[in-house]
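Colleague: Shown below is the structure under consideration.
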Amino acid sequence: MPMLGTLALAASLLILDKMLRLFEVVADEGGPIGVIFRMLANLLPEYMSLAIPLGLMLGILFAFRKLATSSELDVMRAVGLGYTRLLRVPYLITLALVALNFVLVYFVQPVARYDYSRLTFELQSGALGASIKVGEFTTLEDRTALRIEESRDNGRELSGIFARVTQPDGDMLSISARQGQFLANEDEPNTIILRLTDGTIVQDQRAIPTPRVLSFASYDLPIDLPEIERFRTRGGAEKEYILPELLNLGWNENISEELRNQTLASLNFRLVEVLMMLLLPLLAVSLAIPPKRSSSTLGVFVSIVMVVAYHKVNQYGEDVAALGLVSPLVSLWVPFALFAALIGWMYWRVSYVPGGQAIGWLEKGAAVVAKRFMVIFRLLRFNGNRELAAKARAAHDAEQSRAA
């Protein structure tokens with residue numbers, strides 16, 4: 001349950017942060033609200049690739065921490081159950097999540113990233129349908145200005161309509177109508193019909209010295225929609241390739257060196273991110289065991305910082321390798337080897353050194369800082385109480401002197 005709770009919490013926080021930005025973008029572009037949830041669904045695989053390792057590590061960490069603080073872990077070790085034996089079931093869960101994360105980062109995430117980019121493009125180009133903002137002028141194809149006072153029934157009933165249409169030869173039509181309705185044009189998909197009711201047309205033409213005013217009961221105004229260019233095919237960015245495509249492009253001599261560098265960087269980045277999960281149970285156990293007669297939660301904080309920091313180092317290594325400045329073996333696999341060596345040392349200290357602590361020096365330092373902070377806090381509170389008491393005595397003496 002701690003693992004699932006952490007997974008849900010991490011994914012929710014990441015999604016909520018992005019949701020606010022998407023609401024602003026969709027509101028500015030005038031697109032439908034439903035596209036926000038489609039875009040968030042395409043972001044979920046990318047967020048899950050980070051939330052799954054965090055949830056796995058914190059789930060194992062909290063489980064071992066509970067055993068340690070309740071002294072059950074001491075009993076298990078006393079009867080011969082070492083940490084390696086106790087990690088069998090956590091490693092079964094880890095292997096299942098590694099397989100899930102492998103599918104996510106190599107197959108689901110690239111396609112979802114492409115779909116997110118496509119939805120963003122269609123939203124900005126108007127392919128998803130741009131709404132006419134009530135009370136504001138909307139320009140279509142740089143020749144039609146439209147303003148609507150009121151809209152009902154999801155835009156099916158319009159009232160208080162004003163339109164100004166400028167022809168290529170400079171002639172202008174100014175139209176006002178009491179009601180209107182948008183209709184589809186089966187013969188011309190790129191043109192819609194705005195059917196107006198009870199209105200007036202003012203024709204301002206060069207050939208006519210005085211504008212002509214016409215009244216109508218019903219008038220169909222054709223409105224040309226902007227042409228929407230087609231979005232690129234998947235694979236325009238190196239992070240949109242799935243595993244077979246990465247393997248095919250990474251060692252293909254017929255493509256540019258820049259594309260090969262980007263492909264190899266992406267391939268190795270995803271691989272180290274997946275393999276890193278195999279180290280998380282060892283890291284969780286190393287940081288879950290607090291010192292004796294202590295309930296410090298410093299290990300939880302350190303574990304999160306280590307995982308997030310390593311993820312950021314990998315992102316930087318991927319960017320450097322994609323530019324061709326450094327080989328992925330150096331920028332990605334050297335940090336992985338150092339991270340693995342550090343975790344191995346921490347696990348050895350906890351498992352095989354009597355009384356050993358992986359972050360004992362941090363625990364001691366944190367304890368010293370906490371004690372000094374409490375001393376300073378108590379001193380400040382004591383001085384504050386003394387000042388308040390002095391002020392109260394002064395006020396009491398002044399009140400007695402006035403009474404006398």
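Residue numbering restarts at 1 for every chain of the structure tokens, chains are lettered A, B, ... in their displayed order, and ligands are numbered from 1 as they appear.
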For region 45-61 of chain A, please output as an mmCIF file with C-alpha atoms, in the first residue's frame all residues within 8 Å (counting only C-alpha atoms; exclusion window: fewer than 5 positions along the same chain).

Modeller:
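Once everything was written out, this is result-v8.cif:
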```cif
data_model
loop_
_atom_site.group_PDB
_atom_site.id
_atom_site.type_symbol
_atom_site.label_atom_id
_atom_site.label_comp_id
_atom_site.auth_asym_id
_atom_site.auth_seq_id
_atom_site.Cartn_x
_atom_site.Cartn_y
_atom_site.Cartn_z
ATOM 1 C CA MET A 1 0.000 0.000 0.000
ATOM 2 C CA PRO A 2 2.796 2.555 0.662
ATOM 3 C CA MET A 3 4.188 1.748 -2.779
ATOM 4 C CA LEU A 4 0.834 2.217 -4.507
ATOM 5 C CA GLY A 5 0.096 5.324 -2.460
ATOM 6 C CA THR A 6 3.441 6.895 -3.321
ATOM 7 C CA LEU A 7 2.966 5.987 -6.983
ATOM 8 C CA ALA A 8 -0.475 7.597 -7.097
ATOM 9 C CA ALA A 10 3.737 11.288 -7.341
ATOM 10 C CA ALA A 11 1.768 10.868 -10.575
ATOM 11 C CA LEU A 14 3.091 15.842 -11.662
ATOM 12 C CA ILE A 15 -0.228 15.825 -13.533
ATOM 13 C CA PRO A 90 10.615 -7.296 -2.884
ATOM 14 C CA THR A 94 10.844 -5.201 -8.592
ATOM 15 C CA LEU A 97 7.818 -3.360 -12.290
ATOM 16 C CA ASN A 101 8.727 0.217 -16.979
ATOM 17 C CA LEU A 104 6.555 2.025 -20.949
ATOM 18 C CA VAL A 105 9.835 3.726 -21.848
ATOM 19 C CA VAL A 108 4.300 3.304 -24.860
ATOM 20 C CA GLN A 109 6.111 6.533 -23.982
ATOM 21 C CA ALA A 112 2.305 8.933 -26.225
ATOM 22 C CA ARG A 113 4.886 11.704 -26.624
ATOM 23 C CA MET A 277 15.377 -0.006 -10.647
ATOM 24 C CA LEU A 280 16.429 0.380 -5.574
ATOM 25 C CA PRO A 281 15.648 -2.482 -3.133
ATOM 26 C CA LEU A 283 19.081 1.417 -1.562
ATOM 27 C CA ALA A 284 15.756 1.200 0.265
ATOM 28 C CA VAL A 285 17.096 -1.288 2.831
ATOM 29 C CA LEU A 287 18.315 3.885 4.186
ATOM 30 C CA ALA A 288 15.382 2.260 5.993
ATOM 31 C CA VAL A 300 13.419 8.767 3.488
ATOM 32 C CA ILE A 304 14.195 10.651 -2.676
ATOM 33 C CA VAL A 307 16.827 8.982 -7.021
#
```

Colleague: Can you tell me which residues surround region 257-268 of chain A at a distance of at most 10 Å, considering only C-alpha atoms, apart from same-chain residues fewer than 5 positions away, and format the answer as a ChimeraX atom specification?

Modeller: /A:105-106,237-243,245-252,273-274,314-315,317-329,331-333

Colleague: For those residues, write N, CA, C and O atoms to a file as a short mmCIF file (atom, residue, chain, number, x, y, z; two decimals), in the first residue's frame.

Modeller:
```
data_model
loop_
_atom_site.label_atom_id
_atom_site.label_comp_id
_atom_site.auth_asym_id
_atom_site.auth_seq_id
_atom_site.Cartn_x
_atom_site.Cartn_y
_atom_site.Cartn_z
N VAL A 105 8.85 2.79 -21.31
CA VAL A 105 9.84 3.73 -21.85
C VAL A 105 10.23 3.38 -23.28
O VAL A 105 10.66 4.28 -24.03
N TYR A 106 10.11 2.13 -23.69
CA TYR A 106 10.56 1.76 -25.03
C TYR A 106 9.44 1.65 -26.05
O TYR A 106 9.71 1.70 -27.26
N ALA A 237 11.41 13.48 -33.73
CA ALA A 237 12.32 13.71 -32.61
C ALA A 237 12.81 12.37 -32.11
O ALA A 237 12.12 11.36 -32.21
N GLU A 238 14.05 12.33 -31.58
CA GLU A 238 14.65 11.05 -31.22
C GLU A 238 13.91 10.35 -30.09
O GLU A 238 13.98 9.14 -29.96
N LYS A 239 13.16 11.07 -29.27
CA LYS A 239 12.45 10.46 -28.16
C LYS A 239 11.13 9.84 -28.59
O LYS A 239 10.39 9.34 -27.74
N GLU A 240 10.82 9.86 -29.86
CA GLU A 240 9.58 9.27 -30.36
C GLU A 240 9.81 7.93 -31.04
O GLU A 240 8.88 7.35 -31.58
N TYR A 241 11.01 7.43 -31.03
CA TYR A 241 11.31 6.13 -31.64
C TYR A 241 11.10 5.03 -30.61
O TYR A 241 11.50 5.16 -29.45
N ILE A 242 10.49 3.94 -31.04
CA ILE A 242 10.36 2.77 -30.18
C ILE A 242 11.62 1.93 -30.30
O ILE A 242 12.51 2.23 -31.11
N LEU A 243 11.73 0.86 -29.52
CA LEU A 243 12.97 0.10 -29.42
C LEU A 243 13.46 -0.46 -30.76
O LEU A 243 14.65 -0.28 -31.09
N GLU A 245 13.08 0.66 -33.72
CA GLU A 245 13.57 1.77 -34.53
C GLU A 245 14.88 2.32 -33.98
O GLU A 245 15.77 2.70 -34.76
N LEU A 246 15.02 2.36 -32.67
CA LEU A 246 16.28 2.81 -32.08
C LEU A 246 17.43 1.88 -32.46
O LEU A 246 18.53 2.32 -32.79
N LEU A 247 17.18 0.57 -32.40
CA LEU A 247 18.22 -0.39 -32.75
C LEU A 247 18.58 -0.31 -34.24
O LEU A 247 19.73 -0.49 -34.62
N ASN A 248 17.59 -0.01 -35.06
CA ASN A 248 17.83 0.07 -36.50
C ASN A 248 18.61 1.33 -36.87
O ASN A 248 19.48 1.30 -37.75
N LEU A 249 18.32 2.45 -36.18
CA LEU A 249 18.95 3.72 -36.53
C LEU A 249 20.29 3.93 -35.82
O LEU A 249 21.14 4.67 -36.32
N GLY A 250 20.45 3.31 -34.66
CA GLY A 250 21.64 3.59 -33.86
C GLY A 250 22.94 3.22 -34.54
O GLY A 250 23.97 3.87 -34.33
N TRP A 251 22.94 2.16 -35.35
CA TRP A 251 24.17 1.71 -36.02
C TRP A 251 24.01 1.70 -37.54
O TRP A 251 24.66 0.94 -38.24
N ASN A 252 23.13 2.57 -38.03
CA ASN A 252 22.90 2.69 -39.46
C ASN A 252 23.85 3.74 -40.04
O ASN A 252 23.78 4.92 -39.70
N GLU A 273 17.91 3.95 -17.07
CA GLU A 273 16.78 4.28 -16.21
C GLU A 273 16.05 3.02 -15.77
O GLU A 273 15.57 2.92 -14.63
N VAL A 274 15.93 2.04 -16.65
CA VAL A 274 15.26 0.79 -16.31
C VAL A 274 16.14 -0.06 -15.39
O VAL A 274 15.67 -0.59 -14.37
N ASN A 314 21.23 11.74 -15.39
CA ASN A 314 21.02 10.98 -16.62
C ASN A 314 20.47 11.86 -17.74
O ASN A 314 20.85 11.71 -18.92
N GLN A 315 19.56 12.76 -17.40
CA GLN A 315 19.02 13.66 -18.43
C GLN A 315 20.12 14.55 -19.00
O GLN A 315 20.17 14.77 -20.22
N GLY A 317 23.32 13.78 -19.03
CA GLY A 317 24.18 12.90 -19.82
C GLY A 317 23.59 12.58 -21.18
O GLY A 317 24.31 12.49 -22.17
N GLU A 318 22.27 12.43 -21.24
CA GLU A 318 21.63 12.19 -22.54
C GLU A 318 21.78 13.39 -23.46
O GLU A 318 22.06 13.23 -24.66
N ASP A 319 21.57 14.59 -22.92
CA ASP A 319 21.70 15.79 -23.75
C ASP A 319 23.11 15.95 -24.29
O ASP A 319 23.31 16.31 -25.45
N VAL A 320 24.11 15.69 -23.44
CA VAL A 320 25.50 15.83 -23.88
C VAL A 320 25.83 14.78 -24.94
O VAL A 320 26.48 15.07 -25.95
N ALA A 321 25.36 13.54 -24.73
CA ALA A 321 25.62 12.49 -25.72
C ALA A 321 24.89 12.75 -27.02
O ALA A 321 25.39 12.43 -28.11
N ALA A 322 23.69 13.33 -26.96
CA ALA A 322 22.94 13.63 -28.18
C ALA A 322 23.64 14.68 -29.02
O ALA A 322 23.52 14.67 -30.26
N LEU A 323 24.38 15.56 -28.38
CA LEU A 323 25.14 16.57 -29.13
C LEU A 323 26.43 16.01 -29.72
O LEU A 323 27.11 16.70 -30.49
N GLY A 324 26.78 14.79 -29.35
CA GLY A 324 28.00 14.18 -29.86
C GLY A 324 29.26 14.62 -29.15
O GLY A 324 30.36 14.32 -29.62
N LEU A 325 29.11 15.29 -28.01
CA LEU A 325 30.29 15.76 -27.28
C LEU A 325 30.98 14.64 -26.51
O LEU A 325 32.20 14.63 -26.37
N VAL A 326 30.18 13.71 -25.99
CA VAL A 326 30.70 12.61 -25.18
C VAL A 326 29.96 11.34 -25.58
O VAL A 326 28.79 11.38 -25.95
N SER A 327 30.66 10.21 -25.49
CA SER A 327 30.02 8.93 -25.77
C SER A 327 29.01 8.59 -24.68
O SER A 327 29.22 8.92 -23.51
N PRO A 328 27.88 7.93 -25.02
CA PRO A 328 26.93 7.50 -23.98
C PRO A 328 27.56 6.59 -22.95
O PRO A 328 27.09 6.54 -21.81
N LEU A 329 28.61 5.86 -23.32
CA LEU A 329 29.29 5.00 -22.35
C LEU A 329 29.89 5.81 -21.21
O LEU A 329 30.01 5.33 -20.08
N SER A 331 28.91 9.35 -20.50
CA SER A 331 27.95 10.28 -19.90
C SER A 331 26.81 9.56 -19.17
O SER A 331 26.18 10.16 -18.29
N LEU A 332 26.53 8.31 -19.52
CA LEU A 332 25.40 7.60 -18.91
C LEU A 332 25.82 6.38 -18.09
O LEU A 332 25.32 6.15 -16.99
N TRP A 333 26.77 5.61 -18.61
CA TRP A 333 27.13 4.36 -17.92
C TRP A 333 28.13 4.58 -16.80
O TRP A 333 28.16 3.82 -15.84
#
```

Colleague: With only C-alpha atoms as the basis for distance, which of A:Tyr83, A:Tyr114, A:Phe37, A:Phe62 is at the shortest distance from Arg234 (chain A)?

Modeller: A:Tyr114

Colleague: Run DSSP on the backbone and grab whatever in region 41-199 of chain A lands in strand (DSSP E or B); send it over as a PyMOL selection string.

Modeller: chain A and resi 138-140+144-152+157-166+172-184+191-199

Colleague: Please produce a file of those selected residues containing N, CA and C atoms, as a compact mmCIF listing (two decimals), in the first residue's frame.

Modeller:
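Final output, again16.txt:
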```
# COMPACT_ATOMS: atom_id res chain seq x y z
N THR A 138 -13.39 38.18 -33.39
CA THR A 138 -12.62 37.02 -33.84
C THR A 138 -12.35 37.18 -35.33
N THR A 139 -11.08 37.05 -35.70
CA THR A 139 -10.69 37.21 -37.10
C THR A 139 -10.49 35.85 -37.74
N LEU A 140 -11.11 35.63 -38.90
CA LEU A 140 -11.00 34.38 -39.64
C LEU A 140 -10.43 34.67 -41.02
N THR A 144 -12.41 38.24 -42.43
CA THR A 144 -13.72 38.22 -41.79
C THR A 144 -13.55 38.49 -40.30
N ALA A 145 -14.18 39.55 -39.81
CA ALA A 145 -14.18 39.87 -38.39
C ALA A 145 -15.58 39.59 -37.86
N LEU A 146 -15.66 38.83 -36.77
CA LEU A 146 -16.95 38.36 -36.27
C LEU A 146 -17.05 38.65 -34.78
N ARG A 147 -18.21 39.16 -34.36
CA ARG A 147 -18.46 39.41 -32.94
C ARG A 147 -19.86 38.94 -32.59
N ILE A 148 -19.96 38.22 -31.47
CA ILE A 148 -21.23 37.64 -31.03
C ILE A 148 -21.50 38.08 -29.61
N GLU A 149 -22.70 38.59 -29.36
CA GLU A 149 -23.05 39.06 -28.03
C GLU A 149 -23.42 37.93 -27.08
N GLU A 150 -24.07 36.89 -27.58
CA GLU A 150 -24.54 35.82 -26.69
C GLU A 150 -24.54 34.50 -27.44
N SER A 151 -24.20 33.43 -26.72
CA SER A 151 -24.17 32.10 -27.30
C SER A 151 -24.87 31.14 -26.34
N ARG A 152 -25.77 30.32 -26.89
CA ARG A 152 -26.50 29.34 -26.08
C ARG A 152 -26.45 27.97 -26.77
N GLU A 157 -27.04 28.27 -30.90
CA GLU A 157 -27.91 29.44 -31.02
C GLU A 157 -27.10 30.69 -30.68
N LEU A 158 -26.99 31.59 -31.63
CA LEU A 158 -26.22 32.82 -31.48
C LEU A 158 -27.15 34.01 -31.59
N SER A 159 -26.81 35.08 -30.89
CA SER A 159 -27.63 36.30 -30.97
C SER A 159 -26.72 37.50 -30.85
N GLY A 160 -27.21 38.64 -31.39
CA GLY A 160 -26.42 39.86 -31.36
C GLY A 160 -25.16 39.73 -32.20
N ILE A 161 -25.31 39.46 -33.49
CA ILE A 161 -24.18 39.14 -34.36
C ILE A 161 -23.78 40.36 -35.18
N PHE A 162 -22.48 40.59 -35.26
CA PHE A 162 -21.94 41.61 -36.16
C PHE A 162 -20.77 40.98 -36.92
N ALA A 163 -20.76 41.18 -38.24
CA ALA A 163 -19.70 40.63 -39.08
C ALA A 163 -19.27 41.68 -40.10
N ARG A 164 -17.98 41.71 -40.38
CA ARG A 164 -17.44 42.58 -41.43
C ARG A 164 -16.56 41.73 -42.33
N VAL A 165 -16.91 41.69 -43.60
CA VAL A 165 -16.22 40.86 -44.58
C VAL A 165 -15.55 41.77 -45.59
N THR A 166 -14.24 41.59 -45.77
CA THR A 166 -13.47 42.39 -46.73
C THR A 166 -13.13 41.51 -47.92
N MET A 172 -16.40 45.94 -49.12
CA MET A 172 -16.61 45.56 -47.73
C MET A 172 -18.10 45.39 -47.47
N LEU A 173 -18.42 44.35 -46.66
CA LEU A 173 -19.78 44.10 -46.22
C LEU A 173 -19.80 44.20 -44.70
N SER A 174 -20.72 45.02 -44.18
CA SER A 174 -20.94 45.12 -42.74
C SER A 174 -22.32 44.56 -42.46
N ILE A 175 -22.38 43.49 -41.66
CA ILE A 175 -23.62 42.75 -41.44
C ILE A 175 -23.93 42.73 -39.95
N SER A 176 -25.19 43.01 -39.63
CA SER A 176 -25.67 42.85 -38.26
C SER A 176 -26.95 42.04 -38.31
N ALA A 177 -27.11 41.12 -37.33
CA ALA A 177 -28.28 40.25 -37.33
C ALA A 177 -28.69 39.96 -35.90
N ARG A 178 -29.99 39.67 -35.75
CA ARG A 178 -30.51 39.39 -34.40
C ARG A 178 -30.11 37.99 -33.95
N GLN A 179 -30.16 37.00 -34.85
CA GLN A 179 -29.83 35.62 -34.50
C GLN A 179 -29.01 34.99 -35.61
N GLY A 180 -28.39 33.87 -35.28
CA GLY A 180 -27.60 33.15 -36.29
C GLY A 180 -27.32 31.74 -35.85
N GLN A 181 -26.80 30.95 -36.79
CA GLN A 181 -26.50 29.55 -36.53
C GLN A 181 -25.44 29.08 -37.51
N PHE A 182 -24.43 28.32 -37.00
CA PHE A 182 -23.40 27.75 -37.86
C PHE A 182 -23.90 26.44 -38.45
N LEU A 183 -23.66 26.26 -39.75
CA LEU A 183 -24.06 25.04 -40.45
C LEU A 183 -22.87 24.50 -41.22
N ALA A 184 -22.79 23.18 -41.32
CA ALA A 184 -21.72 22.54 -42.09
C ALA A 184 -22.03 22.62 -43.57
N THR A 191 -15.27 25.26 -45.72
CA THR A 191 -16.13 26.43 -45.62
C THR A 191 -17.36 26.08 -44.80
N ILE A 192 -17.71 26.94 -43.86
CA ILE A 192 -18.93 26.75 -43.08
C ILE A 192 -19.89 27.88 -43.41
N ILE A 193 -21.15 27.65 -43.10
CA ILE A 193 -22.20 28.61 -43.41
C ILE A 193 -22.72 29.20 -42.10
N LEU A 194 -22.71 30.53 -42.02
CA LEU A 194 -23.32 31.22 -40.89
C LEU A 194 -24.67 31.75 -41.37
N ARG A 195 -25.75 31.08 -40.95
CA ARG A 195 -27.10 31.47 -41.36
C ARG A 195 -27.62 32.53 -40.40
N LEU A 196 -27.85 33.74 -40.96
CA LEU A 196 -28.27 34.89 -40.17
C LEU A 196 -29.76 35.15 -40.35
N THR A 197 -30.40 35.65 -39.30
CA THR A 197 -31.84 35.91 -39.32
C THR A 197 -32.12 37.32 -38.82
N ASP A 198 -33.01 38.03 -39.58
CA ASP A 198 -33.45 39.37 -39.19
C ASP A 198 -32.26 40.31 -38.99
N GLY A 199 -31.77 40.82 -40.11
CA GLY A 199 -30.61 41.69 -39.99
C GLY A 199 -30.52 42.70 -41.12
```

Colleague: Please report the interatomic distance between CA of Glu24 (chain A) and CA of Glu122 (chain A) in Å with one decimal.

Modeller: 16.0 Å
